[in-house]
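S.K.: Below is the file structure.txt, which contains compact mmCIF, C-alpha atoms.
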```txt
# COMPACT_ATOMS: atom_id res chain seq x y z
CA MET A 1325 127.54 6.69 187.97
CA LEU A 1326 125.18 6.90 190.95
CA GLN A 1327 123.45 3.55 191.54
CA ARG A 1328 122.16 3.76 195.10
CA ILE A 1329 121.06 6.48 197.47
CA GLY A 1330 119.67 6.08 200.95
CA ASN A 1331 117.76 2.81 201.15
CA TYR A 1332 117.00 2.75 197.43
CA SER A 1333 118.62 1.42 194.25
CA LEU A 1334 118.21 3.54 191.13
CA VAL A 1335 116.82 1.48 188.25
CA GLU A 1336 116.18 3.90 185.39
CA GLN A 1337 116.70 7.62 184.82
CA LEU A 1338 113.69 9.59 183.58
CA PRO A 1339 113.66 12.87 181.63
CA SER A 1340 113.96 15.95 183.86
CA ARG A 1341 113.33 19.60 183.06
CA GLY A 1342 115.96 20.89 185.49
CA ALA A 1343 119.65 20.67 184.66
CA ALA A 1344 120.61 20.51 188.36
CA SER A 1345 118.24 17.67 189.26
CA ARG A 1346 117.83 14.04 188.25
CA VAL A 1347 114.79 11.78 188.47
CA TYR A 1348 114.95 7.98 188.72
CA ILE A 1349 112.65 5.01 189.07
CA ALA A 1350 113.89 3.08 192.08
CA ARG A 1351 113.52 -0.05 194.17
CA HIS A 1352 113.87 -0.40 197.91
CA ASN A 1353 117.07 -2.29 198.69
CA GLU A 1354 115.16 -4.92 200.65
CA GLU A 1355 113.42 -5.97 197.42
CA LEU A 1356 116.78 -6.61 195.74
CA GLU A 1357 117.85 -8.90 198.56
CA GLN A 1358 115.17 -11.35 197.47
CA ASP A 1359 116.19 -14.01 194.97
CA SER A 1360 113.85 -12.87 192.19
CA PRO A 1361 111.80 -9.75 192.87
CA THR A 1362 108.76 -9.80 190.61
CA SER A 1363 107.05 -6.54 191.51
CA PRO A 1364 107.89 -3.51 189.33
CA PRO A 1365 109.85 -0.60 190.85
CA ALA A 1366 107.47 1.37 193.06
CA TYR A 1367 109.42 4.52 193.93
CA LEU A 1368 110.49 7.75 192.30
CA VAL A 1369 113.71 9.39 193.49
CA LYS A 1370 114.37 13.06 192.79
CA LEU A 1371 117.83 14.30 193.62
CA MET A 1372 119.83 17.50 193.34
CA LEU A 1373 123.47 17.29 192.38
CA PRO A 1374 126.08 19.17 194.47
CA ALA A 1375 126.62 22.72 193.24
CA SER A 1376 127.59 26.15 194.54
CA GLY A 1377 126.71 29.73 193.76
CA GLU A 1378 123.59 31.88 194.00
CA ALA A 1379 121.61 29.89 191.42
CA ALA A 1380 122.33 26.63 193.24
CA GLU A 1381 121.24 28.23 196.52
CA HIS A 1382 117.89 29.18 194.98
CA LEU A 1383 117.37 25.69 193.55
CA ARG A 1384 118.26 24.10 196.88
CA ALA A 1385 115.78 26.32 198.73
CA GLN A 1386 113.02 25.47 196.25
CA MET A 1387 113.68 21.75 196.57
CA GLU A 1388 113.63 22.01 200.37
CA HIS A 1389 110.33 23.86 200.08
CA GLU A 1390 108.87 21.17 197.83
CA ILE A 1391 109.99 18.40 200.18
CA ALA A 1392 108.47 20.20 203.19
CA LEU A 1393 105.15 20.59 201.37
CA LEU A 1394 104.94 17.01 200.11
CA THR A 1395 105.88 15.66 203.54
CA ALA A 1396 103.09 17.69 205.16
CA PHE A 1397 100.40 16.93 202.55
CA ASN A 1398 97.95 14.05 202.88
CA HIS A 1399 95.73 13.80 199.82
CA PRO A 1400 95.06 10.91 197.41
CA ALA A 1401 95.78 13.10 194.36
CA ILE A 1402 99.21 14.23 195.66
CA PRO A 1403 102.28 11.91 195.82
CA SER A 1404 103.44 10.72 199.24
CA VAL A 1405 107.01 11.11 200.52
CA HIS A 1406 108.65 7.93 201.83
CA GLU A 1407 112.10 9.24 202.68
CA ASP A 1408 114.36 12.23 202.22
CA GLY A 1409 117.94 12.92 203.13
CA GLU A 1410 121.40 13.86 201.95
CA GLU A 1411 124.24 11.57 200.95
CA ASP A 1412 127.70 12.72 199.76
CA GLY A 1413 126.30 16.19 199.12
CA VAL A 1414 123.36 14.86 197.08
CA ARG A 1415 119.97 15.99 198.42
CA TYR A 1416 117.19 13.53 197.60
CA VAL A 1417 113.54 12.75 198.17
CA VAL A 1418 111.72 9.45 197.57
CA MET A 1419 108.08 9.44 196.45
CA ASP A 1420 105.54 7.05 194.98
CA TYR A 1421 106.19 6.04 191.38
CA ILE A 1422 103.02 6.19 189.29
CA GLU A 1423 102.75 3.64 186.49
CA GLY A 1424 101.12 5.60 183.71
CA VAL A 1425 101.54 8.70 181.57
CA ASP A 1426 101.19 12.43 182.00
CA LEU A 1427 98.19 14.33 180.67
CA ALA A 1428 100.34 15.99 177.99
CA THR A 1429 101.02 12.53 176.53
CA LEU A 1430 97.33 11.60 176.63
CA LEU A 1431 96.47 14.85 174.83
CA GLY A 1432 99.11 14.27 172.14
CA HIS A 1433 101.16 17.34 173.03
CA HIS A 1434 104.51 15.53 172.83
CA GLU A 1435 103.75 14.44 169.25
CA ASN A 1436 102.47 17.93 168.37
CA ALA A 1437 99.16 16.32 167.41
CA PRO A 1438 96.63 17.51 170.04
CA ARG A 1439 93.47 15.49 170.52
CA ALA A 1440 90.30 15.96 172.55
CA LEU A 1441 88.93 13.72 175.28
CA ARG A 1442 85.33 12.73 175.79
CA ARG A 1443 83.64 15.38 177.92
CA GLU A 1444 82.92 12.89 180.70
CA VAL A 1445 86.60 11.88 180.91
CA ALA A 1446 87.73 15.52 180.86
CA VAL A 1447 85.33 16.37 183.70
CA TYR A 1448 86.51 13.37 185.73
CA ILE A 1449 90.16 14.44 185.39
CA MET A 1450 89.35 18.05 186.16
CA GLY A 1451 87.31 17.06 189.21
CA GLN A 1452 90.28 15.19 190.71
CA LEU A 1453 92.57 18.15 190.00
CA ALA A 1454 90.11 20.68 191.44
CA ASP A 1455 89.87 18.67 194.67
CA ALA A 1456 93.67 18.51 194.95
CA LEU A 1457 93.90 22.24 194.30
CA ARG A 1458 91.19 22.96 196.89
CA TYR A 1459 93.31 21.05 199.41
CA VAL A 1460 96.55 22.80 198.40
CA HIS A 1461 95.11 26.31 198.44
CA GLY A 1462 93.52 25.78 201.84
CA PHE A 1463 96.40 23.92 203.45
CA ALA A 1464 97.24 25.20 206.92
CA ALA A 1465 100.06 24.39 209.32
CA VAL A 1466 100.57 24.99 213.03
CA ASP A 1467 102.48 28.21 213.73
CA PRO A 1468 105.23 27.29 216.24
CA THR A 1469 105.02 30.71 217.92
CA THR A 1470 101.25 30.78 218.46
CA GLY A 1471 100.33 27.09 218.33
CA GLU A 1472 97.46 27.95 215.98
CA GLU A 1473 96.85 26.71 212.46
CA GLN A 1474 97.51 29.29 209.77
CA PRO A 1475 96.96 28.93 206.02
CA LEU A 1476 100.21 28.78 204.06
CA GLY A 1477 98.84 30.94 201.26
CA LEU A 1478 100.03 28.27 198.84
CA VAL A 1479 99.82 28.72 195.05
CA HIS A 1480 100.98 25.92 192.71
CA ARG A 1481 102.00 28.26 189.83
CA ASP A 1482 102.86 25.45 187.39
CA LEU A 1483 99.56 23.81 186.57
CA ALA A 1484 100.05 22.21 183.15
CA PRO A 1485 99.28 18.83 181.52
CA SER A 1486 102.90 17.73 181.99
CA ASN A 1487 102.40 18.04 185.77
CA VAL A 1488 99.28 15.89 185.84
CA LEU A 1489 100.00 12.16 186.14
CA LEU A 1490 97.45 9.54 185.12
CA SER A 1491 97.84 6.00 186.41
CA ARG A 1492 96.96 2.75 184.68
CA HIS A 1493 94.18 2.42 187.30
CA GLY A 1494 92.58 5.77 186.42
CA ASP A 1495 94.09 7.77 189.27
CA VAL A 1496 94.85 11.47 188.69
CA LEU A 1497 97.73 13.14 190.55
CA LEU A 1498 98.84 16.76 190.69
CA VAL A 1499 102.64 16.81 190.93
CA ASP A 1500 105.71 19.10 190.84
CA TYR A 1501 105.56 21.66 193.65
CA ASN A 1502 109.03 22.98 192.90
CA SER A 1503 107.54 26.21 191.50
CA ALA A 1504 104.99 26.67 194.30
CA SER A 1505 104.93 29.69 196.57
CA SER A 1506 103.91 29.72 200.22
CA ARG A 1507 104.81 31.26 203.59
CA TRP A 1508 107.40 28.49 203.96
CA LEU A 1509 109.47 29.80 201.04
CA ALA A 1510 111.71 32.77 201.86
CA PRO A 1511 111.02 35.76 199.55
CA GLU A 1512 114.66 35.92 198.46
CA HIS A 1513 114.33 32.42 196.96
CA ASP A 1514 110.98 33.00 195.29
CA MET A 1515 110.90 32.97 191.48
CA THR A 1516 107.85 35.08 190.68
CA GLN A 1517 107.77 34.03 187.03
CA ALA A 1518 107.95 30.30 187.79
CA GLY A 1519 105.78 28.09 185.63
CA GLN A 1520 105.12 27.29 181.98
CA LYS A 1521 104.16 30.36 179.97
CA ALA A 1522 101.46 28.62 177.89
CA TYR A 1523 99.42 28.05 181.08
CA MET A 1524 100.18 31.29 182.89
CA ALA A 1525 97.39 33.71 183.82
CA PRO A 1526 97.43 37.11 182.06
CA GLU A 1527 97.90 39.08 185.29
CA ARG A 1528 101.14 37.17 185.83
CA ILE A 1529 102.27 37.77 182.24
CA ILE A 1530 101.91 41.53 182.49
CA GLY A 1531 103.13 41.61 186.09
CA THR A 1532 100.21 43.50 187.61
CA THR A 1533 99.87 41.10 190.55
CA PRO A 1534 101.80 38.15 191.96
CA ALA A 1535 100.40 34.65 191.50
CA THR A 1536 97.23 33.95 193.50
CA PRO A 1537 94.82 31.00 193.74
CA LEU A 1538 92.81 32.75 191.01
CA SER A 1539 95.86 32.52 188.74
CA ASP A 1540 95.84 28.76 189.31
CA LEU A 1541 92.15 28.65 188.33
CA PHE A 1542 93.00 30.27 184.99
CA SER A 1543 95.65 27.59 184.39
CA MET A 1544 93.12 24.88 185.27
CA ALA A 1545 90.65 26.34 182.77
CA VAL A 1546 93.31 26.31 180.04
CA ILE A 1547 93.87 22.59 180.71
CA LEU A 1548 90.12 21.95 180.63
CA TRP A 1549 89.73 23.91 177.38
CA GLU A 1550 92.51 21.84 175.76
CA MET A 1551 90.95 18.56 176.89
CA LEU A 1552 87.55 19.56 175.50
CA LYS A 1553 88.67 21.37 172.34
CA GLY A 1554 91.50 19.08 171.28
CA GLN A 1555 93.78 22.02 170.50
CA ARG A 1556 96.56 23.91 172.23
CA CYS A 1557 95.09 27.07 173.71
CA PHE A 1558 98.10 29.38 173.70
CA LYS A 1559 100.95 27.49 172.06
CA ALA A 1560 102.60 29.85 169.54
CA GLU A 1561 105.81 30.02 167.49
CA SER A 1562 107.70 31.72 170.30
CA GLU A 1563 107.37 32.39 174.01
CA LEU A 1564 106.82 36.08 173.29
CA LYS A 1565 103.92 35.33 170.91
CA THR A 1566 102.47 32.87 173.41
CA MET A 1567 102.48 35.56 176.09
CA ASP A 1568 100.90 38.05 173.69
CA ALA A 1569 98.14 35.54 172.86
CA ILE A 1570 97.34 35.11 176.56
CA VAL A 1571 97.12 38.86 177.18
CA ARG A 1572 94.83 39.34 174.15
CA PHE A 1573 92.72 36.22 174.74
CA ASP A 1574 88.94 36.70 174.55
CA ILE A 1575 86.84 33.68 175.54
CA SER A 1576 83.73 35.28 174.00
CA HIS A 1577 85.26 35.02 170.52
CA THR A 1578 83.41 32.41 168.44
CA GLY A 1579 86.58 30.47 167.59
CA ARG A 1580 87.41 30.10 171.27
CA ARG A 1581 84.12 28.56 172.29
CA VAL A 1582 83.67 24.85 172.84
CA THR A 1583 80.32 23.68 171.50
CA GLY A 1584 78.08 20.95 172.86
CA LEU A 1585 78.79 21.57 176.54
CA SER A 1586 76.22 21.64 179.31
CA SER A 1587 75.50 25.07 180.76
CA LYS A 1588 77.48 24.27 183.94
CA LEU A 1589 80.55 23.10 182.05
CA SER A 1590 80.37 26.03 179.66
CA GLU A 1591 80.23 28.39 182.64
CA ILE A 1592 83.33 26.80 184.21
CA VAL A 1593 85.36 27.34 181.05
CA ARG A 1594 84.06 30.83 180.33
CA LYS A 1595 84.37 32.32 183.81
CA ASN A 1596 87.79 30.93 184.69
CA LEU A 1597 89.33 31.91 181.36
CA ASP A 1598 88.32 35.52 181.96
CA ARG A 1599 91.26 37.92 181.77
CA ASP A 1600 89.98 39.68 184.89
CA PRO A 1601 90.73 37.56 188.01
CA ALA A 1602 87.80 39.17 189.84
CA ARG A 1603 85.35 37.59 187.39
CA ARG A 1604 86.65 34.05 187.92
CA TYR A 1605 85.33 31.69 190.57
CA SER A 1606 86.18 32.53 194.15
CA GLY A 1607 88.29 29.39 194.55
CA ALA A 1608 88.90 25.77 193.57
CA TYR A 1609 86.08 24.57 195.83
CA GLN A 1610 83.53 26.52 193.79
CA MET A 1611 84.99 25.01 190.62
CA LEU A 1612 84.72 21.54 192.17
CA GLN A 1613 81.08 22.19 193.08
CA ARG A 1614 80.17 23.28 189.55
CA LEU A 1615 81.95 20.29 188.04
CA ALA A 1616 79.98 17.95 190.33
CA GLN A 1617 76.74 19.64 189.25
CA SER A 1618 77.41 19.22 185.52
CA PRO A 1619 75.63 16.37 183.68
CA GLU A 1620 79.00 15.23 182.37
CA ALA A 1621 79.98 14.21 185.93
CA ARG A 1622 77.26 11.59 186.31
CA SER A 1623 79.33 8.74 184.89
CA ALA A 1624 82.49 9.28 186.95
CA GLU A 1625 83.23 5.58 187.51
CA GLN A 1626 82.76 4.79 183.83
CA ALA A 1627 85.02 7.75 182.95
CA ARG A 1628 87.66 6.48 185.39
CA SER A 1629 87.61 3.04 183.75
CA GLU A 1630 87.82 4.59 180.30
CA LEU A 1631 90.77 6.73 181.37
CA ALA A 1632 92.54 3.68 182.80
CA ALA A 1633 92.09 1.82 179.50
CA MET A 1634 93.46 4.79 177.52
CA VAL A 1635 96.51 5.06 179.76
CA GLU A 1636 97.21 1.33 179.56
CA ALA A 1637 96.93 1.42 175.76
CA LEU A 1638 99.44 4.31 175.60
CA ARG A 1639 101.86 2.52 177.91
CA ARG A 1640 101.78 -0.62 175.77
CA ALA A 1641 102.20 1.38 172.58
CA GLY A 1642 105.12 3.34 174.05
```
In C-alpha cells, how does this file's structure come out?
M.R.:
Amino acid sequence: MLQRIGNYSLVEQLPSRGAASRVYIARHNEELEQDSPTSPPAYLVKLMLPASGEAAEHLRAQMEHEIALLTAFNHPAIPSVHEDGEEDGVRYVVMDYIEGVDLATLLGHHENAPRALRREVAVYIMGQLADALRYVHGFAAVDPTTGEEQPLGLVHRDLAPSNVLLSRHGDVLLVDYNSASSRWLAPEHDMTQAGQKAYMAPERIIGTTPATPLSDLFSMAVILWEMLKGQRCFKAESELKTMDAIVRFDISHTGRRVTGLSSKLSEIVRKNLDRDPARRYSGAYQMLQRLAQSPEARSAEQARSELAAMVEALRRAG
C-alpha cells in the first residue's frame, strides 16, 4: 500500500469519483521528523495510478492539463499547487487541504434531504464563486511564439456543489479542473460531455454548441437556485429524465420561482437559467456586479461568519 510520495506522507484516503485516481490527506515529511507534530495534515495529494491504453492516455492528458492550470492560477478561491511529479509511474500533484465540507454536504444532497440557506449566505457563497469564475474565464498566458498574452478560452464545465469547498473559516473554493477545457488541452483528449448532468446547460445536453462561459453561468444559476429554494433543481430518477428536465426547463413557471428575493437577485436567477445562452449575462463579471448590488450582499462579513459556524457544526457532527 502506498504510504509516501515525493516529500509527503499519505495519512488518509478520501473518496474519489475517478477509478484511475486516488486522493489523500497528507503531511510534509519534515513534520513527521518532529517528535510530536500537533498541527493537522495540511495537504491534499491527488495521484493517478499507472495504466495503459487509450482511456488511460486521455485521463493522463486531463490530469496534466489540470496541473498546468492550477500551477498557473493565483486566486484566493482556487487551491494552490505545492508540488507535482512522478514516482514509480505514479503521477501526482500536491495542493492545499481545506478543513471543511463541500457545498453538497451543506445543502443536504448526500443525505437526499435538500435544505435552503439564508439568502445572505447564498449570495456570499455565490459572490466568491463568481469572482473565481471571472478569473478563470479571463485567464491569459504568454504565447511562447509571440510573447503576447492570450486568453486560454477556459471553461470549467463541472460547476456543481460537490466541487465547491467551504472551509471552517468561511472560505469558498472552486475546485476540480479535471473536466475543464482550454487551449492547453489537445482536442483529441477533450471530453465534450464532461461534467455532472444535473448542472449541465441545455445547449450542452442537446449538443447544439460546445461548452462556453455562458454554459458555466447556467450551472452557477442552478447552484444558486438550489441554495435559495432548498430543493434539487434537475435531479430525477434517471440521467435521461434529468437531461429531459433541463431541456424542458422554464424559469417563468410559477413552481420554479423563488419568492422573497430582491429584484437584483431575482434577475440573476431568472436570466442565467434561461434556456437561450444569448439571454444570459455576458459573463461572470456581470454576475458578480449584480450580486454586489443586491441588498442581500450588504452583510457579507456576517454571512461569512455564519457559514463558518455551519461548516464547523457539520464537521463536528460528522
S.K.: Using all atoms listed in the file, can you tell me which of A:Thr1429, A:Ser1505, A:Ser1376, A:Asn1353 comes closest to A:Val1635?
M.R.: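 Answer, going by the shortest atom-to-atom distance: A:Thr1429.
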S.K.: Would you mind reading off the distance between atom CA of A:Arg1639 and atom CA of A:Ile1547, one decimal, in Å?
M.R.: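 These two atoms are separated by 21.8 Å.
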S.K.: Taking into account all atoms listed in the file, which residue in the set A:Asp1482, A:Glu1388, A:Glu1550, A:Asp1495 is nearest to A:Ala1518?
M.R.: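 Using all atoms listed in the file, A:Ala1518 sits closest to A:Asp1482.
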S.K.: Neighbours of A:Glu1381 within 12 Å (all atoms listed in the file; same-chain residues fewer than 3 positions away dropped), as a list in words?
M.R.: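 In the requested form, the answer reads Ala1344, Met1372, Leu1373, Pro1374, Ala1375, Ser1376, Gly1377, Glu1378, Arg1384, Ala1385, Gln1386, Met1387, Glu1388, Ala1510, Glu1512, His1513 and Asp1514 of chain A.
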S.K.: Please measure the separation of atom CA of A:Gly1477 and atom CA of A:Gly1531, giving the value in Å to one decimal.
M.R.: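 According to the coordinates, atom CA of A:Gly1477 and atom CA of A:Gly1531 are separated by 19.0 Å.
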S.K.: Closest to A:Ala1569 among A:Gly1584, A:Arg1604, A:Gln1610, A:Met1524, using only C-alpha atoms?
M.R.: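 Checking each of A:Gly1584, A:Arg1604, A:Gln1610, A:Met1524 against A:Ala1569, counting only C-alpha atoms, the winner is A:Met1524.
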S.K.: Between atom CA of A:Ile1575 and atom CA of A:Leu1431, what distance in Å does the model show, to one decimal?
M.R.: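 Calculated distance between atom CA of A:Ile1575 and atom CA of A:Leu1431 is 21.2 Å.
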S.K.: I want to know what sits within 8 Å of stretch 1447-1463 of chain A, based on only C-alpha atoms, with residues of the same chain fewer than 4 positions away left out; could you give that as a list in words?
M.R.: His1399, Ala1401, Ile1402, Arg1443, Pro1475, Leu1476, Gly1477, Leu1478, Val1479, His1480, Val1496, Leu1497, Leu1498, Pro1537, Met1544, Leu1548, Gly1607, Ala1608, Tyr1609, Met1611, Leu1612, Leu1615, Ala1616, Glu1620, Ala1621, Ala1624, Ala1627 and Arg1628 of chain A
S.K.: Find the residues around A:Lys1588 up to 10 Å (only C-alpha atoms counted), leave out those fewer than 2 positions away in its own chain, and share them as a PyMOL selection string.
M.R.: chain A and resi 1585-1586+1590-1594+1614-1620
S.K.: Check the smallest atom-to-atom distance from each of A:Leu1383, A:Val1335, A:Leu1326, A:Leu1589 to A:Tyr1421 using all atoms listed in the file, then report the winner.
M.R.: A:Val1335
S.K.: Determine, counting all atoms listed in the file, which protein, DNA and RNA residues have an atom within 10 Å of an atom of A:Arg1481; residues of the same chain fewer than 4 positions away are not included. Present the result as a ChimeraX atom specification.
M.R.: /A:1500-1505,1516-1520,1523-1525,1528,1535-1537,1539-1541,1543
S.K.: Please identify all polymer residues within 6 Å of A:Ala1632, counting only C-alpha atoms, omitting same-chain residues fewer than 5 positions from it, and present them as a list of chain:residue names.
M.R.: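 So the residues in contact are A:Arg1492, A:His1493, A:Gly1494.
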S.K.: When you count only C-alpha atoms, which of these residues is closest to A:Val1418: A:His1433, A:Arg1507, A:Lys1370, A:His1389?
M.R.: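 Result for the nearest residue to A:Val1418: A:Lys1370.
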S.K.: For a quick check of understanding, using only C-alpha atoms, which of A:Ile1329, A:Val1369, A:Met1419, A:Leu1334 has the smallest distance to A:Val1347?
M.R.: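 Smallest separation from A:Val1347 among the options: A:Val1369.
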